[in-house]
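Participant: This is query_28.cif, which holds mmCIF, C-alpha atoms:
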```cif
data_work
loop_
_atom_site.label_atom_id
_atom_site.label_comp_id
_atom_site.auth_asym_id
_atom_site.auth_seq_id
_atom_site.Cartn_x
_atom_site.Cartn_y
_atom_site.Cartn_z
CA MET T 1 130.56 -2.89 -35.79
CA CYS T 2 132.06 0.21 -34.34
CA LEU T 3 129.95 3.27 -34.09
CA ALA T 4 131.85 6.26 -35.36
CA ILE T 5 131.40 8.59 -32.43
CA PRO T 6 133.44 11.75 -32.82
CA ALA T 7 135.49 12.45 -29.68
CA LYS T 8 136.80 15.94 -28.93
CA VAL T 9 140.49 16.41 -28.16
CA THR T 10 140.69 18.26 -24.84
CA GLU T 11 144.42 18.03 -24.09
CA LEU T 12 147.56 17.04 -25.96
CA LEU T 13 150.01 14.92 -23.96
CA ALA T 14 153.56 13.68 -24.44
CA ASP T 15 154.45 10.71 -26.69
CA ASP T 16 151.69 11.28 -29.26
CA MET T 17 148.98 10.84 -26.63
CA ALA T 18 145.93 13.01 -26.02
CA THR T 19 142.91 13.23 -23.76
CA VAL T 20 139.56 13.09 -25.54
CA ALA T 21 136.02 13.48 -24.25
CA LEU T 22 133.46 10.90 -25.34
CA ASP T 23 129.97 10.71 -23.90
CA GLY T 24 131.07 12.68 -20.86
CA VAL T 25 133.95 10.31 -20.19
CA LYS T 26 137.57 11.38 -20.64
CA LYS T 27 139.98 8.91 -22.14
CA GLN T 28 143.65 8.90 -23.03
CA ILE T 29 144.29 7.73 -26.57
CA SER T 30 147.14 7.73 -29.07
CA VAL T 31 147.04 10.41 -31.77
CA ALA T 32 150.11 9.00 -33.55
CA LEU T 33 148.08 8.27 -36.70
CA VAL T 34 146.62 11.77 -37.02
CA GLU T 35 148.28 14.67 -38.82
CA ASP T 36 148.80 17.73 -36.57
CA PRO T 37 146.23 17.00 -33.85
CA ALA T 38 145.08 20.03 -31.89
CA VAL T 39 142.86 20.78 -28.90
CA ASP T 40 139.17 21.08 -29.99
CA ASP T 41 139.69 18.81 -33.02
CA TYR T 42 137.16 16.01 -33.41
CA VAL T 43 138.64 12.59 -34.08
CA LEU T 44 137.23 9.12 -34.66
CA VAL T 45 138.59 6.69 -32.08
CA HIS T 46 139.02 2.96 -32.41
CA VAL T 47 140.48 0.77 -29.66
CA GLY T 48 142.84 3.36 -28.23
CA TYR T 49 143.83 5.17 -31.44
CA ALA T 50 142.45 8.27 -33.12
CA LEU T 51 142.12 7.15 -36.73
CA HIS T 52 141.39 10.46 -38.40
CA LYS T 53 139.97 13.90 -37.88
CA VAL T 54 136.42 14.82 -38.77
CA SER T 55 135.31 18.36 -39.50
CA PRO T 56 133.27 20.18 -36.83
CA ASP T 57 130.28 20.14 -39.24
CA GLU T 58 130.56 16.39 -39.79
CA ALA T 59 131.03 15.81 -36.04
CA SER T 60 128.03 17.99 -35.30
CA ARG T 61 125.81 16.10 -37.78
CA THR T 62 126.89 12.69 -36.47
CA LEU T 63 126.50 13.69 -32.83
CA ALA T 64 123.06 15.12 -33.59
CA MET T 65 122.04 11.76 -35.10
CA MET T 66 123.38 9.95 -32.03
CA ALA T 67 121.45 12.32 -29.80
CA GLU T 68 118.28 11.74 -31.85
CA ALA T 69 118.73 8.03 -31.13
CA GLY T 70 118.72 8.85 -27.43
CA LEU T 71 122.47 8.75 -26.93
CA LEU T 72 125.03 11.37 -26.06
CA GLN T 73 122.92 13.84 -24.12
CA GLU T 74 125.98 15.69 -22.85
CA GLU T 75 127.44 16.17 -26.33
CA LEU T 76 124.10 17.45 -27.59
CA GLU T 77 123.95 20.01 -24.80
CA GLU T 78 127.50 21.06 -25.56
CA ILE T 79 126.73 21.52 -29.27
CA ALA T 80 123.59 23.45 -28.43
CA GLY T 81 125.63 25.63 -26.06
CA SER T 82 128.34 26.35 -28.62
CA GLU T 83 125.79 27.33 -31.28
CA GLN T 84 124.11 29.95 -29.09
CA MET J 1 125.59 2.61 -21.56
CA ASP J 2 128.69 1.41 -23.38
CA LEU J 3 128.55 3.28 -26.66
CA GLU J 4 131.58 1.64 -28.22
CA GLY J 5 130.82 -1.97 -27.30
CA HIS J 6 133.07 -4.47 -25.54
CA VAL J 7 133.86 -8.18 -25.45
CA GLU J 8 134.38 -9.64 -21.98
CA ILE J 9 135.98 -13.06 -21.62
CA LEU J 10 135.84 -14.97 -18.34
CA LEU J 11 138.11 -18.02 -18.13
CA PRO J 12 136.95 -20.35 -15.34
CA ARG J 13 139.41 -21.46 -12.67
CA ASP J 14 137.68 -24.81 -12.77
CA PRO J 15 139.04 -26.47 -15.91
CA GLY J 16 135.73 -28.31 -16.37
CA ALA J 17 133.58 -25.14 -16.48
CA SER J 18 132.64 -23.25 -19.63
CA VAL J 19 134.36 -20.14 -20.87
CA GLU J 20 132.01 -17.15 -20.82
CA VAL J 21 132.12 -14.81 -23.80
CA THR J 22 129.90 -11.73 -23.47
CA LEU J 23 129.55 -9.39 -26.42
CA LYS J 24 128.20 -5.99 -25.44
CA GLU J 25 127.41 -4.58 -28.86
CA PRO J 26 127.74 -0.84 -29.48
CA ALA J 27 124.62 1.22 -28.84
CA ASP J 28 121.91 0.37 -31.37
CA VAL J 29 121.17 3.34 -33.58
CA THR J 30 119.25 1.43 -36.26
CA ARG J 31 115.94 2.66 -34.81
CA LEU J 32 117.00 6.03 -36.21
CA LEU J 33 116.64 4.56 -39.68
CA SER J 34 113.02 3.39 -39.42
CA GLY J 35 110.49 5.53 -41.26
CA ARG J 36 113.08 7.11 -43.54
CA LYS J 37 113.43 6.86 -47.29
CA PRO J 38 116.06 4.41 -48.56
CA ALA J 39 118.20 7.20 -50.05
CA GLU J 40 118.29 8.96 -46.67
CA VAL J 41 119.31 5.74 -44.89
CA MET J 42 122.06 5.11 -47.44
CA ARG J 43 123.46 8.58 -46.66
CA MET J 44 123.20 8.17 -42.87
CA VAL J 45 124.72 4.70 -42.48
CA PRO J 46 128.32 5.58 -43.46
CA ALA J 47 128.23 8.60 -41.14
CA LEU J 48 127.11 6.47 -38.19
CA TYR J 49 129.55 3.65 -38.87
CA SER J 50 132.38 5.49 -40.55
CA LEU J 51 135.19 3.37 -39.06
CA CYS J 52 134.36 0.68 -41.64
CA GLY J 53 131.98 2.98 -43.44
CA THR J 54 132.68 1.66 -46.92
CA ALA J 55 131.57 -1.88 -46.06
CA HIS J 56 128.50 -0.48 -44.27
CA ALA J 57 127.71 1.77 -47.24
CA ALA J 58 128.02 -1.17 -49.64
CA ALA J 59 125.91 -3.51 -47.48
CA SER J 60 123.27 -0.79 -47.06
CA SER J 61 123.12 -0.07 -50.80
CA TYR J 62 122.78 -3.77 -51.63
CA ALA J 63 120.10 -4.24 -48.93
CA MET J 64 118.00 -1.37 -50.29
CA GLU J 65 118.43 -2.51 -53.87
CA THR J 66 117.50 -6.13 -53.19
CA ALA J 67 114.54 -4.97 -51.07
CA ARG J 68 113.27 -2.96 -54.07
CA GLY J 69 114.07 -5.78 -56.50
CA ASP J 70 116.59 -3.43 -58.06
CA SER J 71 120.27 -3.81 -58.86
CA ALA J 72 123.10 -1.39 -59.54
CA ASP J 73 124.87 -1.76 -62.88
CA ALA J 74 128.06 -3.79 -63.16
CA GLU J 75 130.40 -0.78 -63.21
CA THR J 76 128.87 0.67 -60.05
CA ARG J 77 129.16 -2.68 -58.27
CA LYS J 78 132.76 -2.94 -59.41
CA VAL J 79 133.68 0.43 -57.92
CA ARG J 80 131.93 -0.48 -54.67
CA GLU J 81 133.84 -3.75 -54.53
CA CYS J 82 137.19 -2.01 -55.15
CA LEU J 83 136.53 0.41 -52.29
CA VAL J 84 135.41 -2.38 -49.94
CA LEU J 85 138.55 -4.34 -50.81
CA MET J 86 140.80 -1.35 -50.13
CA GLU J 87 139.10 -0.72 -46.79
CA ARG J 88 139.68 -4.39 -45.93
CA ALA J 89 143.35 -4.09 -46.90
CA ARG J 90 143.71 -0.96 -44.77
CA GLU J 91 142.13 -2.65 -41.76
CA HIS J 92 144.48 -5.63 -42.10
CA LEU J 93 147.46 -3.25 -42.36
CA LEU J 94 146.33 -1.35 -39.25
CA ARG J 95 145.88 -4.44 -37.15
CA ILE J 96 149.14 -6.01 -38.33
CA ALA J 97 151.03 -2.77 -37.62
CA LEU J 98 149.39 -1.85 -34.31
CA ASP J 99 148.27 -5.10 -32.64
CA TRP J 100 150.56 -7.87 -33.89
CA PRO J 101 153.82 -6.33 -32.55
CA LYS J 102 152.41 -6.42 -28.99
CA LEU J 103 152.05 -10.19 -29.34
CA ASN J 104 155.77 -10.28 -30.22
CA GLN J 105 156.70 -7.97 -27.32
CA GLU J 106 157.65 -5.34 -29.92
CA PRO J 107 156.46 -1.69 -30.08
CA PRO J 108 153.53 -0.87 -32.41
CA ASP J 109 154.55 0.15 -35.92
CA THR J 110 152.78 3.51 -36.01
CA GLU J 111 154.76 4.60 -39.08
CA THR J 112 153.21 1.88 -41.27
CA ALA J 113 149.77 2.40 -39.71
CA ARG J 114 149.98 6.12 -40.39
CA ALA J 115 151.03 5.50 -43.99
CA ALA J 116 148.06 3.13 -44.42
CA MET J 117 145.46 5.70 -43.41
CA PRO J 118 145.32 7.71 -46.68
CA ILE J 119 145.10 4.74 -49.10
CA LEU J 120 141.31 4.40 -48.95
CA PRO J 121 140.50 8.14 -49.25
CA ALA J 122 142.98 8.31 -52.16
CA LEU J 123 141.27 5.46 -54.04
CA ARG J 124 137.83 6.89 -53.30
CA ALA J 125 138.86 10.31 -54.61
CA ALA J 126 140.15 8.67 -57.79
CA LEU J 127 137.25 6.25 -58.43
CA ASP J 128 134.27 8.02 -56.95
CA PRO J 129 135.01 11.75 -56.58
CA GLU J 130 131.32 12.71 -56.55
CA GLU J 131 130.57 10.03 -53.91
CA GLN J 132 127.82 8.45 -55.99
CA ALA J 133 128.85 4.79 -55.92
CA PHE J 134 126.72 3.97 -52.88
CA SER J 135 123.77 6.22 -53.62
CA GLY J 136 122.95 5.64 -57.27
CA HIS J 137 124.26 4.66 -60.66
CA PHE J 138 127.22 6.15 -62.39
CA GLU J 139 129.69 5.29 -65.10
CA LEU J 140 133.36 4.72 -64.59
CA THR J 141 134.74 5.85 -67.91
CA ASN J 142 138.42 5.47 -67.25
CA LEU J 143 140.68 4.81 -64.34
CA LYS J 144 142.52 7.92 -63.21
CA ARG J 145 146.22 7.86 -62.56
CA GLU J 146 145.50 8.48 -58.86
CA ALA J 147 143.77 5.08 -58.64
CA TYR J 148 146.97 3.41 -59.86
CA VAL J 149 148.99 5.36 -57.31
CA ALA J 150 146.67 4.43 -54.41
CA VAL J 151 146.84 0.70 -55.23
CA GLU J 152 150.61 0.91 -55.73
CA THR J 153 151.07 2.70 -52.40
CA ALA J 154 149.07 0.07 -50.52
CA SER J 155 150.96 -2.76 -52.23
CA SER J 156 154.36 -1.19 -51.52
CA LEU J 157 153.50 -0.75 -47.84
CA ALA J 158 152.50 -4.40 -47.55
CA GLU J 159 155.50 -5.63 -49.52
CA GLN J 160 157.99 -3.56 -47.52
CA TRP J 161 156.63 -3.82 -43.98
CA VAL J 162 154.46 -6.95 -43.84
CA PHE J 163 155.81 -9.48 -46.35
CA GLY J 164 159.38 -8.28 -46.93
CA GLU J 165 159.07 -9.41 -50.56
CA SER J 166 156.75 -8.96 -53.54
CA LEU J 167 153.12 -10.00 -53.12
CA THR J 168 153.34 -12.50 -55.97
CA ARG J 169 156.51 -14.05 -54.49
CA TRP J 170 154.84 -14.38 -51.09
CA LEU J 171 151.64 -15.83 -52.57
CA SER J 172 153.71 -18.36 -54.51
CA ARG J 173 154.72 -19.97 -51.17
CA ARG J 174 152.16 -22.73 -51.05
CA SER J 175 153.94 -25.45 -49.06
CA GLN J 176 155.17 -25.54 -45.45
CA ALA J 177 158.78 -25.68 -46.68
CA GLU J 178 158.27 -22.54 -48.80
CA LEU J 179 156.56 -20.81 -45.88
CA GLN J 180 159.46 -21.69 -43.58
CA GLY J 181 161.75 -20.00 -46.09
CA TRP J 182 159.86 -16.79 -45.35
CA ILE J 183 159.52 -17.31 -41.59
CA LYS J 184 163.10 -18.25 -40.74
CA PRO J 185 164.88 -15.00 -41.72
CA GLY J 186 162.23 -13.12 -39.67
CA LEU J 187 162.54 -9.99 -41.78
CA THR J 188 159.19 -8.53 -40.78
CA GLY J 189 157.10 -8.49 -37.61
CA ALA J 190 154.48 -10.66 -39.33
CA ALA J 191 157.09 -13.33 -40.17
CA ARG J 192 158.40 -13.22 -36.60
CA LEU J 193 154.89 -13.57 -35.15
CA ILE J 194 154.06 -16.62 -37.26
CA GLY J 195 157.47 -18.10 -36.34
CA ASN J 196 156.96 -17.38 -32.63
CA LEU J 197 153.48 -18.93 -32.70
CA ASP J 198 154.92 -22.08 -34.26
CA LYS J 199 157.48 -22.25 -31.43
CA ARG J 200 155.27 -21.18 -28.49
CA VAL J 201 152.03 -22.98 -29.23
CA GLY J 202 151.58 -26.31 -30.89
CA ASP J 203 149.34 -27.05 -33.83
CA ASP J 204 146.67 -28.35 -31.47
CA THR J 205 146.47 -25.31 -29.14
CA ALA J 206 143.03 -23.71 -29.48
CA ALA J 207 142.48 -25.83 -32.59
CA VAL J 208 138.86 -26.83 -33.07
CA SER J 209 136.80 -28.00 -36.02
CA THR J 210 134.83 -25.21 -37.56
CA VAL J 211 131.71 -24.54 -39.61
CA TYR J 212 131.73 -21.56 -41.95
CA LEU J 213 128.92 -19.06 -42.36
CA SER J 214 129.08 -19.22 -46.14
CA ASP J 215 128.15 -22.93 -45.89
CA ALA J 216 125.45 -22.50 -43.26
CA GLY J 217 122.84 -20.56 -45.27
CA LEU J 218 122.04 -18.30 -42.30
CA VAL J 219 121.35 -14.58 -42.29
CA LEU J 220 121.01 -14.20 -38.51
CA PRO J 221 122.83 -16.12 -35.72
CA PRO J 222 120.67 -18.94 -34.30
CA GLU J 223 118.83 -18.21 -31.05
CA SER J 224 119.20 -21.78 -29.86
CA ASP J 225 122.34 -23.20 -28.28
CA ASP J 226 123.47 -24.57 -31.61
CA LEU J 227 127.01 -24.11 -32.79
CA VAL J 228 127.37 -20.67 -34.40
CA PRO J 229 129.30 -20.63 -37.69
CA GLU J 230 132.47 -18.64 -38.16
CA THR J 231 133.06 -15.82 -40.62
CA SER J 232 136.63 -14.68 -41.22
CA SER J 233 139.62 -14.41 -43.56
CA LEU J 234 140.13 -18.12 -42.94
CA GLU J 235 136.62 -18.80 -44.24
CA ARG J 236 137.41 -16.92 -47.46
CA HIS J 237 140.73 -18.72 -48.06
CA ARG J 238 140.11 -22.14 -46.52
CA ALA J 239 141.04 -23.88 -49.76
CA HIS J 240 144.55 -22.34 -49.77
CA PRO J 241 147.07 -25.20 -49.28
CA LEU J 242 148.66 -23.51 -46.24
CA LEU J 243 145.29 -22.98 -44.58
CA ALA J 244 143.34 -26.12 -45.42
CA ALA J 245 142.88 -28.00 -42.14
CA ASP J 246 140.04 -29.73 -40.36
CA MET J 247 141.11 -28.09 -37.11
CA PRO J 248 142.93 -24.85 -37.96
CA SER J 249 145.72 -23.87 -35.56
CA LEU J 250 146.23 -20.38 -34.12
CA SER J 251 149.11 -19.85 -36.51
CA THR J 252 146.81 -20.77 -39.44
CA ARG J 253 144.32 -18.13 -38.33
CA TYR J 254 146.97 -15.39 -38.34
CA LEU J 255 148.35 -16.65 -41.64
CA ALA J 256 144.86 -16.47 -43.21
CA ARG J 257 144.80 -12.73 -42.60
CA LEU J 258 148.11 -12.36 -44.43
CA VAL J 259 146.77 -14.44 -47.33
CA ASP J 260 143.67 -12.21 -47.43
CA LEU J 261 145.77 -9.02 -47.46
CA ALA J 262 148.10 -10.22 -50.23
CA THR J 263 145.20 -11.58 -52.32
CA ILE J 264 143.20 -8.35 -52.06
CA LEU J 265 146.12 -6.23 -53.20
CA VAL J 266 146.88 -8.53 -56.14
CA GLU J 267 143.17 -8.45 -57.09
CA LEU J 268 143.18 -4.65 -57.02
CA LYS J 269 146.38 -4.54 -59.10
CA ASP J 270 144.95 -6.99 -61.65
CA LEU J 271 141.78 -4.96 -61.86
CA ARG J 272 143.79 -1.80 -62.29
CA ASP J 273 145.72 -3.44 -65.12
CA ARG J 274 142.44 -4.81 -66.57
CA LYS J 275 143.90 -8.32 -66.37
CA THR J 276 140.75 -9.71 -64.77
CA ASP J 277 137.19 -8.70 -64.12
CA LEU J 278 136.22 -8.43 -60.50
CA GLN J 279 133.87 -11.01 -59.10
CA VAL J 280 131.29 -9.14 -57.05
CA THR J 281 130.53 -11.13 -53.92
CA HIS J 282 127.07 -12.21 -52.78
CA GLU J 283 125.17 -11.18 -55.89
CA THR J 284 122.40 -13.58 -54.99
CA ALA J 285 121.49 -12.40 -51.48
CA PRO J 286 117.82 -12.71 -50.43
CA ALA J 287 115.48 -9.71 -50.78
CA GLY J 288 116.32 -6.96 -48.31
CA VAL J 289 119.72 -8.43 -47.46
CA GLY J 290 122.97 -6.68 -48.32
CA ILE J 291 126.37 -8.21 -47.63
CA ALA J 292 129.94 -6.90 -47.61
CA GLU J 293 133.10 -8.79 -46.70
CA THR J 294 135.17 -6.97 -44.07
CA ALA J 295 138.59 -7.85 -42.64
CA ARG J 296 136.89 -9.68 -39.75
CA GLY J 297 134.25 -11.46 -41.85
CA ARG J 298 130.80 -10.93 -43.26
CA LEU J 299 128.82 -7.77 -42.51
CA THR J 300 125.07 -8.05 -43.18
CA HIS J 301 122.42 -5.34 -43.42
CA ILE J 302 118.75 -6.38 -43.46
CA ALA J 303 116.12 -3.87 -44.57
CA VAL J 304 112.36 -4.24 -44.69
CA LEU J 305 110.62 -1.59 -46.82
CA ARG J 306 106.95 -0.62 -46.69
CA ASP J 307 105.36 2.03 -48.90
CA GLY J 308 108.78 3.19 -50.09
CA LYS J 309 110.14 3.73 -46.57
CA VAL J 310 112.26 1.65 -44.21
CA GLU J 311 110.04 -0.22 -41.79
CA SER J 312 112.86 -1.98 -39.96
CA TYR J 313 116.63 -2.21 -40.24
CA GLN J 314 119.13 -4.63 -38.72
CA ILE J 315 122.91 -4.82 -38.87
CA VAL J 316 124.75 -8.07 -38.11
CA SER J 317 128.48 -7.61 -37.59
CA PRO J 318 131.05 -10.42 -38.00
CA THR J 319 131.76 -10.06 -34.26
CA ARG J 320 128.17 -11.12 -33.54
CA TRP J 321 128.85 -14.50 -35.16
CA ASN J 322 132.40 -15.04 -33.95
CA PHE J 323 131.86 -13.92 -30.33
CA ALA J 324 128.42 -15.50 -29.88
CA LYS J 325 127.72 -18.21 -27.32
CA ASN J 326 129.05 -21.37 -29.00
CA GLY J 327 130.84 -19.19 -31.55
CA ILE J 328 134.37 -19.79 -32.75
CA ALA J 329 136.03 -17.59 -30.08
CA GLN J 330 134.41 -19.45 -27.21
CA ARG J 331 135.22 -22.84 -28.71
CA CYS J 332 138.89 -21.92 -29.31
CA LEU J 333 139.18 -20.56 -25.75
CA GLU J 334 137.68 -23.73 -24.32
CA ALA J 335 140.27 -25.75 -26.20
CA LEU J 336 143.15 -23.96 -24.43
CA PRO J 337 145.24 -26.27 -22.29
CA ASP J 338 144.86 -26.14 -18.52
CA ARG J 339 147.98 -24.25 -17.52
CA TYR J 340 149.09 -21.67 -14.97
CA SER J 341 146.93 -18.55 -15.03
CA GLU J 342 149.41 -16.14 -16.56
CA GLU J 343 150.14 -18.39 -19.50
CA ARG J 344 146.45 -19.09 -20.02
CA LEU J 345 145.74 -15.35 -20.21
CA ASP J 346 148.58 -14.98 -22.67
CA LEU J 347 147.18 -17.75 -24.87
CA ALA J 348 143.67 -16.29 -24.62
CA ASN J 349 145.00 -12.96 -25.90
CA LEU J 350 146.57 -14.80 -28.84
CA VAL J 351 143.15 -16.34 -29.62
CA LEU J 352 141.51 -12.90 -29.43
CA GLY J 353 144.19 -11.42 -31.66
CA ALA J 354 143.54 -14.15 -34.22
CA ILE J 355 139.74 -13.83 -34.25
CA ASP J 356 139.78 -10.10 -33.47
CA PRO J 357 136.53 -8.54 -32.27
CA CYS J 358 135.72 -5.15 -33.79
CA VAL J 359 135.39 -3.70 -30.29
CA SER J 360 137.72 -3.52 -27.29
CA HIS J 361 138.06 -6.64 -25.16
CA SER J 362 139.17 -7.84 -21.74
CA VAL J 363 140.09 -11.26 -20.43
CA ARG J 364 139.81 -12.34 -16.79
CA ILE J 365 140.09 -15.55 -14.84
CA HIS J 366 137.40 -16.20 -12.22
#
```
Any chance you could give the structure as C-alpha cells?

Facilitator:
Amino acid sequence: MCLAIPAKVTELLADDMATVALDGVKKQISVALVEDPAVDDYVLVHVGYALHKVSPDEASRTLAMMAEAGLLQEELEEIAGSEQ
Amino acid sequence: MDLEGHVEILLPRDPGASVEVTLKEPADVTRLLSGRKPAEVMRMVPALYSLCGTAHAAASSYAMETARGDSADAETRKVRECLVLMERAREHLLRIALDWPKLNQEPPDTETARAAMPILPALRAALDPEEQAFSGHFELTNLKREAYVAVETASSLAEQWVFGESLTRWLSRRSQAELQGWIKPGLTGAARLIGNLDKRVGDDTAAVSTVYLSDAGLVLPPESDDLVPETSSLERHRAHPLLAADMPSLSTRYLARLVDLATILVELKDLRDRKTDLQVTHETAPAGVGIAETARGRLTHIAVLRDGKVESYQIVSPTRWNFAKNGIAQRCLEALPDRYSEERLDLANLVLGAIDPCVSHSVRIH
C-alpha cells in the first residue's frame, strides 16, 4: 500500500540516476523509466525507481493533503514559500 | 516517521528461534478521509495512493457503494475491472523486468519496464477519457481503437520479453514436461529464473502448507496469534495444474505470477474481442467493504458512513496479510534450511521476491 508521495528531483546524475528530496531526506533513485527527467520535476517513487512525473499542481495538491494529515511539514513550508 | 513503509526481516542465528517479520506500514492518511462526503473521498484516494491508484479507486468506489446499498451498473463495473486488470498486468511486468533479473545476477530490464509504463494510461484514455468510472455511472458505447492498441501493446511486451512465445501457447503448457520445454531453452529472463530456482532450491525449500484468504471469510487480519491466510497470484490460480500443490515451492510461487500475467492479458484480449463477458470479482462483499485484486493479492477498503459522510475508513493491503506475524512470509522463512549465513540470506531474498511486499524490505541475521 504505497503512499504516492511526490518527490522533487534536485540533481540529475550519471547512468539514469537522480537525487530526489522526500520529506526532507535526499535519496538517489533511478529515473530510467521517466521520459526526459529534469531538475525541479516531481516524480512518484517506488522502491528505488521514479515511475512517472506528476504535474506541479498535482504534486502540490497531494502534498497539501499529506500535510493536512500531519505529515510532510518541510514540503508544506516549501510549497508555501514558493507560492509567496 | 517512515512515510513509505518498510518490511524488516530478522533471521535468528539460533536455528530453533522464530523469524521476526516487522511490517512498518506507510503513514496512515485515512484519518484525512473521516467527515468527508463519499464523492470527495473517492476523488482523494487515487491521489493519495496513485502507485496502484486504480485498484484503490475501484476498492473505494465499491466500499462507498456497498455502504450506501448502491451498485454501479454492469458496464461501469466492467470498465473498472478492465483498468484494474491492466494495472495488475503492468505491476507484474515491472517487477519481472526490474526485480527478477537481480535474482538471476542479470541487469534490470529497464527497456521493458519503460515500455510497460504507458499501457495503463493508454487504456484509461481509451475507456474512460472523462475519468468517471470510479466516481459515478457512465455508458461505454463502443470500444475505441486505442483500447485495442493498449491491450495489444501489453500483450506484445509480455510475449516478446517475458514468455518468448504467444500467450495462448504459453498457457497451453499445463504439464511439467510442457513447462520444461519452455524453461530449457532459457529464451527469457523469466524462463531462466524458473530454471535456476529448480536447480538451486529443491521443491521443499520454503515450502509450507497454506490457507487462502478467499477461503477464510475474513475482512481484517486476526489479532490473535492464529495463522494468517495468504492472498496472492497463487491464491487466484491455485487450481492450475502447474500450481496445484499442498505445499507450494518457491518456483511455484514465481510461476503463479506468470500465470496471472498471461491470464489477465488473454482476458483483456477476449473482452476486447467480445468473446467473453468479464466476471467482476467480489460482487457480494459485505456492506461498506470494497475489494480489488492487485498483483500482490487482495486490497480491501472498509468505509462506515453516518449521515451521508464517512465516519471511519480503513485500508487493508495484501502486504498486511502476507507479512503479518504467522503470515505466509514468516512461515516460508522459517522453513528455510539451516545453512551458512550468506546462503540463508540469499534464500530469504528469493522468498521475499516471491511474496513481494509493496514496500521496501531488508533482511538481517541476528

Participant: Could you work out how far atom CA of Met65 of chain T lies from atom CA of Ala63 of chain J, giving the answer in Å with one decimal?

Facilitator: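 Spanning atom CA of Ala63 of chain J to atom CA of Met65 of chain T is a straight-line distance of 21.2 Å.
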
Participant: Out of J:Ala133, J:Val19, J:Ala158, J:Ala295, which residue has the shortest atom-to-atom distance to chain T when counting only C-alpha atoms?

Facilitator: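 Once distances to chain T are computed over only C-alpha atoms, the minimum belongs to J:Ala295.
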
Participant: Would you compute the distance between atom CA of Val43 of chain T and atom CA of Ala59 of chain T? Give it in Å to one decimal.

Facilitator: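 Atom CA of Ala59 of chain T lies 8.5 Å from atom CA of Val43 of chain T.
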
Participant: Given the choices T:Ala18, T:Val54, T:Ala67, T:Leu3, which gets closest to Ala32 of chain T if the distance is worked out from only C-alpha atoms?

Facilitator: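 Using only C-alpha atoms, Ala32 of chain T sits closest to T:Ala18.
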
Participant: For chain T, list the residues within 10 Å of chain J, counting all atoms listed in the file, and write the list as a short mmCIF file (atom, residue, chain, number, x, y, z; two decimals) with C-alpha atoms, in the frame of the given file.

Facilitator:
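Produced file selection_12.cif, reproduced below:
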```cif
data_model
loop_
_atom_site.label_atom_id
_atom_site.label_comp_id
_atom_site.auth_asym_id
_atom_site.auth_seq_id
_atom_site.Cartn_x
_atom_site.Cartn_y
_atom_site.Cartn_z
CA MET T 1 130.56 -2.89 -35.79
CA CYS T 2 132.06 0.21 -34.34
CA LEU T 3 129.95 3.27 -34.09
CA ALA T 4 131.85 6.26 -35.36
CA ILE T 5 131.40 8.59 -32.43
CA PRO T 6 133.44 11.75 -32.82
CA LEU T 22 133.46 10.90 -25.34
CA ASP T 23 129.97 10.71 -23.90
CA SER T 30 147.14 7.73 -29.07
CA VAL T 31 147.04 10.41 -31.77
CA ALA T 32 150.11 9.00 -33.55
CA LEU T 33 148.08 8.27 -36.70
CA VAL T 34 146.62 11.77 -37.02
CA GLU T 35 148.28 14.67 -38.82
CA LEU T 44 137.23 9.12 -34.66
CA VAL T 45 138.59 6.69 -32.08
CA HIS T 46 139.02 2.96 -32.41
CA VAL T 47 140.48 0.77 -29.66
CA GLY T 48 142.84 3.36 -28.23
CA TYR T 49 143.83 5.17 -31.44
CA LEU T 51 142.12 7.15 -36.73
CA HIS T 52 141.39 10.46 -38.40
CA GLU T 58 130.56 16.39 -39.79
CA ALA T 59 131.03 15.81 -36.04
CA ARG T 61 125.81 16.10 -37.78
CA THR T 62 126.89 12.69 -36.47
CA LEU T 63 126.50 13.69 -32.83
CA MET T 65 122.04 11.76 -35.10
CA MET T 66 123.38 9.95 -32.03
CA ALA T 67 121.45 12.32 -29.80
CA GLU T 68 118.28 11.74 -31.85
CA ALA T 69 118.73 8.03 -31.13
CA GLY T 70 118.72 8.85 -27.43
CA LEU T 71 122.47 8.75 -26.93
CA LEU T 72 125.03 11.37 -26.06
#
```

Participant: Since the input lacks some atoms of segment 17-26 of chain T, please model N, CA and C atoms and print them as a PDB file, keeping the file's coordinate frame.

Facilitator:
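Contents of the output file selection_18.pdb:
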```pdb
ATOM      1  N   MET T  17     150.211  11.187 -27.335  1.00  0.00           N
ATOM      2  CA  MET T  17     148.980  10.840 -26.630  1.00  0.00           C
ATOM      3  C   MET T  17     148.121  12.093 -26.484  1.00  0.00           C
ATOM      4  N   ALA T  18     146.842  11.886 -26.240  1.00  0.00           N
ATOM      5  CA  ALA T  18     145.930  13.010 -26.020  1.00  0.00           C
ATOM      6  C   ALA T  18     144.785  12.553 -25.134  1.00  0.00           C
ATOM      7  N   THR T  19     144.144  13.526 -24.491  1.00  0.00           N
ATOM      8  CA  THR T  19     142.910  13.230 -23.760  1.00  0.00           C
ATOM      9  C   THR T  19     141.745  13.636 -24.654  1.00  0.00           C
ATOM     10  N   VAL T  20     140.763  12.744 -24.783  1.00  0.00           N
ATOM     11  CA  VAL T  20     139.560  13.090 -25.540  1.00  0.00           C
ATOM     12  C   VAL T  20     138.344  12.894 -24.651  1.00  0.00           C
ATOM     13  N   ALA T  21     137.282  13.619 -24.984  1.00  0.00           N
ATOM     14  CA  ALA T  21     136.020  13.480 -24.250  1.00  0.00           C
ATOM     15  C   ALA T  21     135.035  12.750 -25.127  1.00  0.00           C
ATOM     16  N   LEU T  22     134.436  11.690 -24.584  1.00  0.00           N
ATOM     17  CA  LEU T  22     133.460  10.900 -25.340  1.00  0.00           C
ATOM     18  C   LEU T  22     132.324  10.525 -24.394  1.00  0.00           C
ATOM     19  N   ASP T  23     131.142  11.008 -24.714  1.00  0.00           N
ATOM     20  CA  ASP T  23     129.970  10.710 -23.900  1.00  0.00           C
ATOM     21  C   ASP T  23     130.211  11.075 -22.426  1.00  0.00           C
ATOM     22  N   GLY T  24     130.843  12.211 -22.217  1.00  0.00           N
ATOM     23  CA  GLY T  24     131.070  12.680 -20.860  1.00  0.00           C
ATOM     24  C   GLY T  24     132.216  11.995 -20.150  1.00  0.00           C
ATOM     25  N   VAL T  25     132.844  11.033 -20.809  1.00  0.00           N
ATOM     26  CA  VAL T  25     133.950  10.310 -20.190  1.00  0.00           C
ATOM     27  C   VAL T  25     135.250  10.741 -20.870  1.00  0.00           C
ATOM     28  N   LYS T  26     136.279  11.019 -20.058  1.00  0.00           N
ATOM     29  CA  LYS T  26     137.570  11.380 -20.640  1.00  0.00           C
ATOM     30  C   LYS T  26     138.441  10.150 -20.769  1.00  0.00           C
TER      31      LYS T  26
END
```
